[in-house]
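Q: I'm passing along query21.cif; it holds mmCIF, C-alpha atoms.
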data_upload
loop_
_atom_site.label_atom_id
_atom_site.label_comp_id
_atom_site.auth_asym_id
_atom_site.auth_seq_id
_atom_site.Cartn_x
_atom_site.Cartn_y
_atom_site.Cartn_z
CA MET K 23 23.34 -63.00 -12.28
CA ALA K 24 26.32 -61.60 -14.16
CA GLY K 25 26.82 -57.92 -14.84
CA ALA K 26 27.28 -56.17 -18.17
CA TYR K 27 31.07 -56.35 -17.90
CA GLU K 28 30.81 -60.10 -18.37
CA THR K 29 27.75 -60.34 -20.58
CA GLY K 30 28.09 -57.23 -22.72
CA GLU K 31 24.35 -56.73 -22.29
CA TYR K 32 22.88 -53.53 -20.84
CA ARG K 33 19.29 -53.47 -19.62
CA ASN K 34 16.90 -50.89 -21.03
CA LEU K 35 14.48 -50.40 -18.16
CA PHE K 36 12.38 -47.93 -20.12
CA ALA K 37 11.77 -50.54 -22.79
CA GLU K 38 11.07 -53.16 -20.12
CA ILE K 39 8.10 -51.15 -18.86
CA GLY K 40 6.72 -50.43 -22.32
CA TYR K 41 8.33 -47.35 -23.85
CA ARG K 42 9.24 -47.66 -27.54
CA PRO K 43 12.95 -47.74 -28.57
CA GLU K 44 12.66 -44.78 -30.95
CA GLU K 45 10.81 -42.79 -28.29
CA ILE K 46 13.58 -43.50 -25.80
CA GLN K 47 16.36 -42.58 -28.24
CA ASN K 48 14.65 -39.35 -29.28
CA ARG K 49 14.21 -38.35 -25.66
CA LEU K 50 17.89 -39.02 -24.91
CA GLU K 51 19.01 -36.89 -27.85
CA GLU K 52 16.67 -34.09 -26.83
CA ILE K 53 18.03 -34.09 -23.27
CA PHE K 54 21.58 -33.70 -24.60
CA ARG K 55 20.58 -30.94 -27.03
CA THR K 56 18.80 -29.01 -24.30
CA MET K 57 21.68 -29.24 -21.82
CA PHE K 58 24.42 -28.50 -24.35
CA TYR K 59 22.79 -26.38 -27.06
CA GLY K 60 19.47 -25.20 -25.66
CA LYS K 61 18.44 -21.67 -24.84
CA GLU K 62 20.58 -19.66 -22.48
CA ASP K 63 18.31 -20.46 -19.54
CA GLU K 64 18.38 -24.21 -20.42
CA ARG K 65 21.96 -25.04 -21.36
CA ILE K 66 24.89 -25.58 -19.02
CA TYR K 67 27.56 -26.06 -21.73
CA HIS K 68 29.33 -23.11 -23.35
CA PRO K 69 31.84 -23.44 -26.20
CA VAL K 70 34.59 -20.81 -26.09
CA GLU K 71 37.25 -19.87 -28.64
CA ASP K 72 37.76 -22.36 -31.45
CA ASP K 73 38.50 -25.47 -29.45
CA MET K 74 37.39 -25.24 -25.82
CA GLY K 75 34.20 -25.34 -23.79
CA TYR K 76 33.01 -25.53 -20.20
CA LEU K 77 30.01 -26.58 -18.16
CA THR K 78 28.87 -24.11 -15.54
CA ASP K 79 27.34 -24.73 -12.14
CA THR K 80 24.38 -22.43 -12.68
CA GLY K 81 23.59 -22.26 -8.97
CA ASN K 82 27.05 -20.99 -8.05
CA ASN K 83 28.14 -19.40 -11.33
CA ASP K 84 31.44 -21.25 -11.50
CA VAL K 85 33.09 -24.14 -13.32
CA ARG K 86 33.80 -27.25 -11.25
CA THR K 87 35.80 -30.40 -11.84
CA GLU K 88 32.62 -32.26 -10.91
CA GLY K 89 30.74 -30.75 -13.85
CA MET K 90 33.64 -30.87 -16.31
CA SER K 91 34.33 -34.52 -15.63
CA TYR K 92 30.61 -35.25 -15.81
CA GLY K 93 30.46 -33.48 -19.17
CA MET K 94 33.30 -35.60 -20.51
CA MET K 95 31.58 -38.79 -19.35
CA MET K 96 28.32 -37.70 -20.97
CA CYS K 97 30.11 -36.95 -24.24
CA VAL K 98 32.05 -40.19 -24.47
CA GLN K 99 28.90 -42.17 -23.72
CA LEU K 100 27.05 -40.29 -26.48
CA ASN K 101 29.96 -40.39 -28.97
CA ARG K 102 30.39 -36.60 -28.97
CA LYS K 103 34.14 -36.31 -29.50
CA GLU K 104 34.26 -32.62 -30.39
CA GLU K 105 32.56 -31.54 -27.17
CA PHE K 106 34.66 -34.01 -25.17
CA ASP K 107 37.91 -32.58 -26.53
CA ARG K 108 36.76 -29.00 -25.97
CA ILE K 109 35.89 -29.71 -22.33
CA TRP K 110 39.13 -31.56 -21.72
CA LYS K 111 41.26 -28.78 -23.25
CA TRP K 112 39.53 -26.14 -21.09
CA THR K 113 40.13 -28.34 -18.06
CA LYS K 114 43.83 -28.81 -18.80
CA THR K 115 44.30 -25.15 -19.73
CA TYR K 116 42.67 -23.59 -16.69
CA MET K 117 42.12 -26.18 -13.96
CA TYR K 118 45.31 -28.25 -14.02
CA LEU K 119 47.73 -27.57 -11.17
CA ASP K 120 51.30 -27.71 -12.46
CA SER K 121 53.15 -26.81 -9.26
CA GLY K 122 52.92 -26.95 -5.49
CA MET K 123 51.68 -29.62 -3.13
CA ASN K 124 48.70 -30.40 -5.38
CA LYS K 125 50.72 -30.68 -8.58
CA GLY K 126 49.01 -33.10 -10.98
CA TYR K 127 45.55 -32.53 -9.52
CA PHE K 128 42.89 -30.09 -10.79
CA ALA K 129 41.55 -26.97 -9.08
CA TRP K 130 38.02 -27.92 -8.09
CA SER K 131 36.50 -24.49 -8.90
CA CYS K 132 37.25 -21.78 -11.45
CA ARG K 133 35.49 -18.70 -12.70
CA THR K 134 34.01 -18.93 -16.16
CA ASP K 135 36.98 -16.94 -17.50
CA GLY K 136 39.33 -19.65 -16.21
CA THR K 137 40.62 -17.85 -13.12
CA LYS K 138 41.08 -20.34 -10.29
CA ASN K 139 38.85 -19.91 -7.25
CA SER K 140 40.81 -22.58 -5.38
CA TYR K 141 44.12 -24.37 -5.59
CA GLY K 142 42.74 -27.51 -3.98
CA PRO K 143 41.17 -30.54 -5.70
CA ALA K 144 38.01 -32.59 -5.16
CA PRO K 145 38.57 -36.33 -5.76
CA ASP K 146 35.25 -37.00 -7.49
CA GLY K 147 36.50 -34.90 -10.40
CA GLU K 148 39.72 -36.84 -10.76
CA GLU K 149 38.05 -40.24 -10.75
CA TYR K 150 35.51 -39.18 -13.39
CA PHE K 151 38.21 -37.54 -15.53
CA ALA K 152 40.24 -40.76 -15.48
CA MET K 153 37.30 -43.02 -16.30
CA ALA K 154 36.05 -40.78 -19.12
CA LEU K 155 39.55 -40.60 -20.59
CA PHE K 156 39.96 -44.39 -20.55
CA PHE K 157 36.62 -44.79 -22.32
CA ALA K 158 37.66 -42.15 -24.87
CA SER K 159 40.92 -44.00 -25.47
CA HIS K 160 39.07 -47.23 -26.15
CA ARG K 161 36.23 -45.71 -28.16
CA TRP K 162 38.14 -43.21 -30.32
CA GLY K 163 41.80 -44.11 -30.01
CA ASP K 164 44.60 -42.03 -28.52
CA GLY K 165 45.81 -38.81 -30.11
CA GLU K 166 48.76 -36.52 -29.45
CA GLY K 167 49.61 -34.42 -26.43
CA ILE K 168 46.72 -33.98 -24.01
CA PHE K 169 44.56 -36.06 -26.35
CA ASN K 170 46.59 -39.16 -25.64
CA TYR K 171 43.64 -40.10 -23.48
CA GLY K 172 44.97 -43.31 -21.96
CA LYS K 173 48.28 -41.74 -20.95
CA GLU K 174 46.44 -38.80 -19.35
CA ALA K 175 44.14 -41.13 -17.41
CA ARG K 176 47.05 -43.17 -16.06
CA ALA K 177 48.89 -40.00 -15.03
CA ILE K 178 45.86 -38.76 -13.07
CA LEU K 179 45.46 -42.04 -11.23
CA HIS K 180 49.17 -42.29 -10.50
CA THR K 181 49.03 -38.87 -8.85
CA CYS K 182 45.89 -39.81 -6.94
CA LEU K 183 47.70 -42.71 -5.26
CA HIS K 184 51.27 -41.43 -5.04
CA GLN K 185 50.99 -37.70 -4.37
CA GLY K 186 53.50 -36.62 -1.73
CA GLU K 187 55.97 -39.43 -2.32
CA ASP K 188 58.35 -36.89 -3.91
CA GLY K 189 58.39 -34.84 -0.72
CA ASN K 190 56.27 -31.96 -2.01
CA GLY K 191 54.00 -32.08 1.03
CA GLY K 192 50.96 -33.25 -0.88
CA ARG K 193 48.66 -36.10 0.09
CA PRO K 194 47.02 -38.86 -1.97
CA MET K 195 43.29 -38.93 -2.68
CA TRP K 196 42.88 -42.49 -1.40
CA GLU K 197 43.87 -43.38 2.15
CA PRO K 198 46.65 -45.98 1.74
CA SER K 199 45.82 -47.83 4.94
CA ASN K 200 42.18 -48.65 4.13
CA LYS K 201 41.93 -48.03 0.34
CA LEU K 202 39.05 -45.53 0.81
CA ILE K 203 38.65 -42.33 -1.20
CA LYS K 204 38.84 -39.13 0.85
CA PHE K 205 36.53 -36.12 0.72
CA ILE K 206 39.62 -34.02 -0.05
CA PRO K 207 43.27 -35.12 0.15
CA ASP K 208 43.94 -33.13 3.32
CA CYS K 209 41.36 -34.84 5.51
CA ASP K 210 40.73 -38.17 7.18
CA TRP K 211 37.13 -38.95 6.27
CA SER K 212 35.17 -39.76 3.15
CA ASP K 213 32.14 -38.85 1.08
CA PRO K 214 29.96 -41.92 0.42
CA SER K 215 28.88 -40.57 -2.96
CA TYR K 216 32.50 -40.55 -4.15
CA HIS K 217 32.68 -44.35 -3.87
CA LEU K 218 32.60 -45.84 -7.38
CA PRO K 219 33.69 -49.48 -7.12
CA HIS K 220 32.61 -50.06 -10.73
CA PHE K 221 35.25 -47.53 -11.81
CA TYR K 222 37.93 -49.06 -9.59
CA GLU K 223 37.36 -52.51 -11.09
CA LEU K 224 38.27 -51.00 -14.46
CA PHE K 225 41.15 -48.93 -13.07
CA ALA K 226 42.61 -52.24 -11.87
CA LEU K 227 42.73 -53.33 -15.53
CA TRP K 228 43.85 -50.11 -17.20
CA ALA K 229 45.84 -47.96 -14.73
CA ASP K 230 49.53 -48.52 -13.99
CA GLU K 231 50.14 -52.23 -13.56
CA ALA K 232 51.95 -51.59 -10.28
CA ASP K 233 48.72 -50.19 -8.82
CA SER K 234 46.41 -52.92 -10.09
CA VAL K 235 46.13 -54.72 -6.76
CA PHE K 236 45.36 -51.46 -4.96
CA TRP K 237 42.47 -50.66 -7.28
CA LYS K 238 41.02 -54.16 -7.00
CA GLU K 239 41.17 -53.88 -3.22
CA ALA K 240 39.68 -50.37 -3.39
CA ALA K 241 36.65 -51.75 -5.22
CA LYS K 242 36.13 -54.35 -2.52
CA GLU K 243 36.65 -51.90 0.32
CA SER K 244 34.28 -49.32 -1.18
CA ARG K 245 31.49 -51.88 -1.40
CA GLU K 246 32.09 -52.80 2.22
CA TYR K 247 32.24 -49.14 3.22
CA LEU K 248 28.85 -48.37 1.71
CA LYS K 249 27.32 -51.11 3.84
CA LYS K 250 28.50 -49.17 6.88
CA ALA K 251 27.61 -45.70 5.58
CA CYS K 252 24.05 -46.49 4.41
CA HIS K 253 21.46 -46.63 7.19
CA PRO K 254 20.31 -50.21 7.85
CA GLU K 255 16.61 -49.32 7.60
CA THR K 256 16.32 -46.42 5.14
CA GLY K 257 19.40 -47.06 3.00
CA LEU K 258 20.22 -43.34 3.19
CA ALA K 259 23.80 -42.13 3.54
CA ALA K 260 25.20 -38.88 4.87
CA GLU K 261 27.03 -36.41 2.66
CA TYR K 262 30.29 -36.94 4.56
CA ALA K 263 31.13 -39.97 6.69
CA GLU K 264 33.98 -41.27 8.80
CA TYR K 265 36.02 -44.22 7.63
CA ASP K 266 33.88 -46.45 9.85
CA GLY K 267 30.73 -45.20 8.13
CA ARG K 268 29.42 -42.92 10.88
CA PRO K 269 28.17 -39.55 9.63
CA HIS K 270 30.85 -36.89 9.84
CA ASN K 271 29.42 -34.18 12.09
CA LYS K 272 32.43 -31.89 12.53
CA ASP K 273 33.96 -29.00 10.62
CA TYR K 274 30.67 -27.17 10.10
CA ASP K 275 32.42 -23.83 9.71
CA SER K 276 35.10 -25.10 7.35
CA PHE K 277 32.73 -26.78 4.90
CA GLY K 278 29.62 -24.61 4.90
CA GLY K 279 27.42 -26.16 7.57
CA ARG K 280 26.12 -29.65 8.27
CA HIS K 281 27.03 -32.62 6.13
CA ASP K 282 25.96 -35.47 8.40
CA TRP K 283 22.51 -35.67 6.84
CA PHE K 284 20.99 -36.91 3.57
CA TYR K 285 21.56 -33.90 1.34
CA SER K 286 22.74 -33.09 -2.18
CA ASP K 287 25.99 -35.09 -2.48
CA ALA K 288 24.36 -38.12 -0.87
CA TYR K 289 21.71 -38.51 -3.57
CA ARG K 290 24.37 -39.97 -5.86
CA VAL K 291 24.86 -43.05 -3.68
CA ALA K 292 21.67 -44.64 -5.01
CA ALA K 293 22.73 -44.01 -8.60
CA ASN K 294 26.21 -45.42 -7.99
CA ILE K 295 24.81 -48.55 -6.39
CA GLY K 296 22.56 -49.07 -9.40
CA LEU K 297 25.36 -48.66 -11.93
CA ASP K 298 27.82 -50.82 -9.99
CA TYR K 299 25.27 -53.61 -9.88
CA ALA K 300 24.43 -53.20 -13.57
CA TRP K 301 28.08 -53.44 -14.60
CA PHE K 302 29.43 -56.02 -12.16
CA ALA K 303 26.61 -57.53 -10.04
CA ALA K 304 29.29 -58.15 -7.44
CA ASP K 305 27.28 -57.78 -4.24
CA ALA K 306 23.65 -58.72 -3.59
CA TRP K 307 23.58 -56.18 -0.75
CA GLU K 308 23.24 -53.46 -3.38
CA LYS K 309 19.85 -54.88 -4.36
CA GLU K 310 18.72 -54.75 -0.74
CA CYS K 311 19.92 -51.17 -0.26
CA ALA K 312 18.29 -49.96 -3.48
CA ASP K 313 15.01 -51.51 -2.34
CA LYS K 314 15.25 -49.74 1.03
CA ILE K 315 15.89 -46.34 -0.55
CA GLN K 316 12.97 -46.70 -2.94
CA ARG K 317 10.68 -47.93 -0.19
CA PHE K 318 11.61 -44.95 1.98
CA PHE K 319 10.76 -42.51 -0.81
CA ALA K 320 7.51 -44.20 -1.85
CA PRO K 321 5.29 -41.79 0.14
CA GLN K 322 7.20 -38.78 -1.24
CA MET K 323 6.63 -40.02 -4.78
CA LYS K 324 2.92 -39.38 -4.27
CA GLU K 325 3.24 -36.18 -2.27
CA GLN K 326 6.14 -34.67 -4.29
CA ASP K 327 7.43 -33.25 -1.01
CA TYR K 328 11.16 -33.90 -0.93
CA ARG K 329 13.07 -32.54 2.04
CA ILE K 330 16.36 -32.74 3.85
CA TYR K 331 16.47 -35.90 5.99
CA GLU K 332 18.47 -37.34 8.80
CA ILE K 333 19.82 -40.66 7.56
CA ASP K 334 17.33 -42.49 9.79
CA GLY K 335 14.58 -40.90 7.70
CA MET K 336 13.55 -38.06 10.00
CA PRO K 337 12.33 -35.24 7.71
CA LEU K 338 13.55 -31.71 8.45
CA PRO K 339 11.63 -28.52 7.68
CA GLU K 340 13.82 -27.38 4.81
CA LYS K 341 12.87 -28.63 1.35
CA ALA K 342 15.42 -30.43 -0.78
CA LEU K 343 17.54 -28.11 -2.90
CA HIS K 344 17.62 -30.63 -5.77
CA PRO K 345 14.36 -32.62 -5.87
CA ILE K 346 14.79 -33.67 -9.52
CA ALA K 347 18.14 -35.19 -8.59
CA ILE K 348 16.41 -37.35 -5.98
CA ILE K 349 13.89 -38.59 -8.54
CA ALA K 350 16.65 -39.33 -11.08
CA THR K 351 18.97 -41.17 -8.72
CA ASN K 352 16.16 -43.19 -7.13
CA ALA K 353 15.19 -44.30 -10.63
CA GLN K 354 18.77 -45.28 -11.45
CA ALA K 355 18.76 -47.46 -8.33
CA SER K 356 16.24 -49.64 -10.17
CA LEU K 357 19.18 -51.19 -12.03
CA ALA K 358 19.79 -53.03 -8.77
CA SER K 359 16.35 -53.04 -7.17
CA GLU K 360 13.82 -55.82 -7.64
CA GLY K 361 11.44 -54.37 -5.08
CA ASP K 362 7.86 -53.18 -5.33
CA TYR K 363 8.80 -49.65 -6.34
CA ALA K 364 11.46 -50.18 -9.00
CA SER K 365 9.17 -49.75 -12.02
CA ALA K 366 7.27 -46.90 -10.37
CA CYS K 367 10.51 -44.99 -9.82
CA VAL K 368 11.49 -45.42 -13.46
CA ARG K 369 8.07 -44.31 -14.64
CA GLN K 370 8.08 -41.28 -12.34
CA PHE K 371 11.47 -40.28 -13.71
CA TRP K 372 10.27 -40.64 -17.30
CA GLU K 373 7.35 -38.37 -16.54
CA THR K 374 9.57 -35.75 -14.87
CA PRO K 375 11.01 -33.04 -17.16
CA LEU K 376 14.47 -31.52 -16.94
CA ARG K 377 14.78 -28.88 -14.27
CA GLU K 378 14.59 -25.23 -15.24
CA GLY K 379 16.03 -22.20 -13.47
CA GLU K 380 19.31 -21.33 -11.84
CA ARG K 381 19.63 -24.58 -9.90
CA ARG K 382 19.30 -26.79 -12.98
CA TYR K 383 22.99 -27.82 -13.24
CA TYR K 384 23.21 -30.52 -10.58
CA ASP K 385 19.72 -31.93 -11.10
CA ASN K 386 20.11 -32.16 -14.85
CA CYS K 387 23.57 -33.72 -14.77
CA LEU K 388 22.21 -36.54 -12.63
CA TYR K 389 19.13 -36.62 -14.86
CA LEU K 390 21.19 -37.28 -17.99
CA PHE K 391 23.28 -39.92 -16.24
CA ALA K 392 20.12 -41.66 -15.04
CA PHE K 393 18.60 -41.58 -18.52
CA LEU K 394 21.78 -43.04 -20.02
CA ALA K 395 21.86 -45.81 -17.43
CA LEU K 396 18.17 -46.69 -17.56
CA SER K 397 18.13 -46.79 -21.36
CA GLY K 398 21.12 -49.13 -21.51
CA ASN K 399 23.43 -46.43 -22.84
CA TYR K 400 25.80 -45.94 -19.90
CA ARG K 401 28.40 -48.44 -21.05
CA ILE K 402 31.89 -49.74 -20.49
CA TYR K 403 34.18 -48.93 -23.42
#
How does the structure come out when it is put into structure tokens?

A:
Amino acid sequence: MAGAYETGEYRNLFAEIGYRPEEIQNRLEEIFRTMFYGKEDERIYHPVEDDMGYLTDTGNNDVRTEGMSYGMMMCVQLNRKEEFDRIWKWTKTYMYLDSGMNKGYFAWSCRTDGTKNSYGPAPDGEEYFAMALFFASHRWGDGEGIFNYGKEARAILHTCLHQGEDGNGGRPMWEPSNKLIKFIPDCDWSDPSYHLPHFYELFALWADEADSVFWKEAAKESREYLKKACHPETGLAAEYAEYDGRPHNKDYDSFGGRHDWFYSDAYRVAANIGLDYAWFAADAWEKECADKIQRFFAPQMKEQDYRIYEIDGMPLPEKALHPIAIIATNAQASLASEGDYASACVRQFWETPLREGERRYYDNCLYLFAFLALSGNYRIY
């Protein structure tokens, strides 16, 4: 089987199980309207001034590179150039670091007035910014200044690989020796949910030519890394993991507690596996892993009792902070899965509404990505 990169064809799993095309399209448009222009207790997007806007993490009341880069990807996929440009201008105005050891990166968290909460970056933001900018360049064409999307994307990726080479004391976001993305530049472990081999395949084509081989190797190494990080029986990954795939169980105090279990960040692994397989179909292991994840969650689908888990599947007393995100990402895994639960996961997701309340940001971002992917609208441009 060839992926969409080769065929140009994107599966619509909703249509495959019987939902009507106009019903699917209307639902997608309504999800976007709610998240961007809904009531104050529904939306996460806020336009400011005449030409900027931001997405807020409603659970933490801040603006994160995660959410801003997600917003840009959502907008380029849905052909919403005005919102894309507003988000990107806010990002460059307030989050860009123009000096110091992290020059060229973006501050991972800001207040809603633009004041930086941190002068350190989080690599998942940079990789999504770059990919969204490349897609914008190809879909809309390059403009001037910060809206020369392709130039901006290449600059971000150059910094990600070459930071510190000028002697400023900074560190790259990918470990040069093994081609694996780091949790943050100043550490020596990874976050399995940051691994996006389907992005790296495209970076190999569109980033600086001198880095093309690195990105191609990074795609290969990320796919191999996920085989080590995902549990052989459950398919679950930890939030943070060592370069050899073992859960990272140190630094509790520095990073807010445990991260060696299946918790919020880790939900994205299933979605990433699904999208990588849909785009490139490069590794049959992804089908096996998607099946394992969906099989593990089959009992919870009936009970609607999602919890924190050890990666071997042991449930812990605390309930999941983002249960809608689990439902969404498990459904997106159906792009790879051919198991007994693939259709059931898609149907459960369809029947699940957007999350309401203060924790809606993370769940609903992954919800919109899953809906784009499952409707055949998360595309390579």

Q: Any chance you could work out the residue set of the PyMOL selection byres ((chain K and resi 242-250) around 6) here, as JSON, numbers by chain?

A: {"K": [217, 219, 239, 240, 241, 251, 252, 267]}

Q: For a test of reading the model, state the distance in Å between atom CA of K:Leu343 and atom CA of K:Ser286, rounded to one decimal.

A: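 Those two atoms sit 7.2 Å apart.
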
Q: Do you know which residues are at most 9 Å from K:Ala154 counting only C-alpha atoms, after dropping those on the same chain fewer than 2 positions away, and could you put them as a list in words?

A: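 Once the nearby chain positions are removed, what remains is Ser91, Tyr92, Met94, Met95, Met96, Cys97, Val98, Gln99, Glu149, Tyr150, Phe151, Ala152, Phe156, Phe157, Ala158, Ser159, Tyr171 and Ala175 of chain K.
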
Q: Translate the PyMOL selection byres ((chain K and resi 254) around 10) into a concrete residue list for this structure, as a list in words.

A: Lys249, Lys250, Ala251, Cys252, His253, Glu255, Thr256, Gly257, Leu258, Ala259, Glu310, Cys311, Lys314, Ile333 and Asp334 of chain K

Q: Please write as a list in words the list of polymer residues whose atoms come within 10 Å of (41.6, -25.5, -5.7), counting all atoms listed in the file and keeping to the coordinates of the file.

A: Arg86, Thr87, Met117, Tyr118, Leu119, Asn124, Tyr127, Phe128, Ala129, Trp130, Ser131, Cys132, Lys138, Asn139, Ser140, Tyr141, Gly142, Pro143 and Ala144 of chain K

Q: Nearest to K:His270: which of K:Gly296, K:Gly122, K:Pro214, K:Pro321 is it, counting only C-alpha atoms?

A: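 Among K:Gly296, K:Gly122, K:Pro214, K:Pro321, it is K:Pro214 that comes nearest to K:His270.
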
Q: Could you list the residues chosen by the PyMOL selection byres ((chain K and resi 38) around 12) in this structure as a list in words?

A: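 When the PyMOL selection byres ((chain K and resi 38) around 12) is applied to the shown file, the picked residues are Tyr32, Arg33, Asn34, Leu35, Phe36, Ala37, Ile39, Gly40, Tyr41, Arg42, Pro43, Ile46, Ser356, Leu357, Ala364, Ser365, Val368, Arg369, Leu396, Ser397 and Gly398 of chain K.
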
Q: Just checking: using all atoms listed in the file, which residue out of K:Phe169, K:Phe319, K:Tyr400, K:Phe225 ends up closest to K:Ile109?

A: K:Phe169
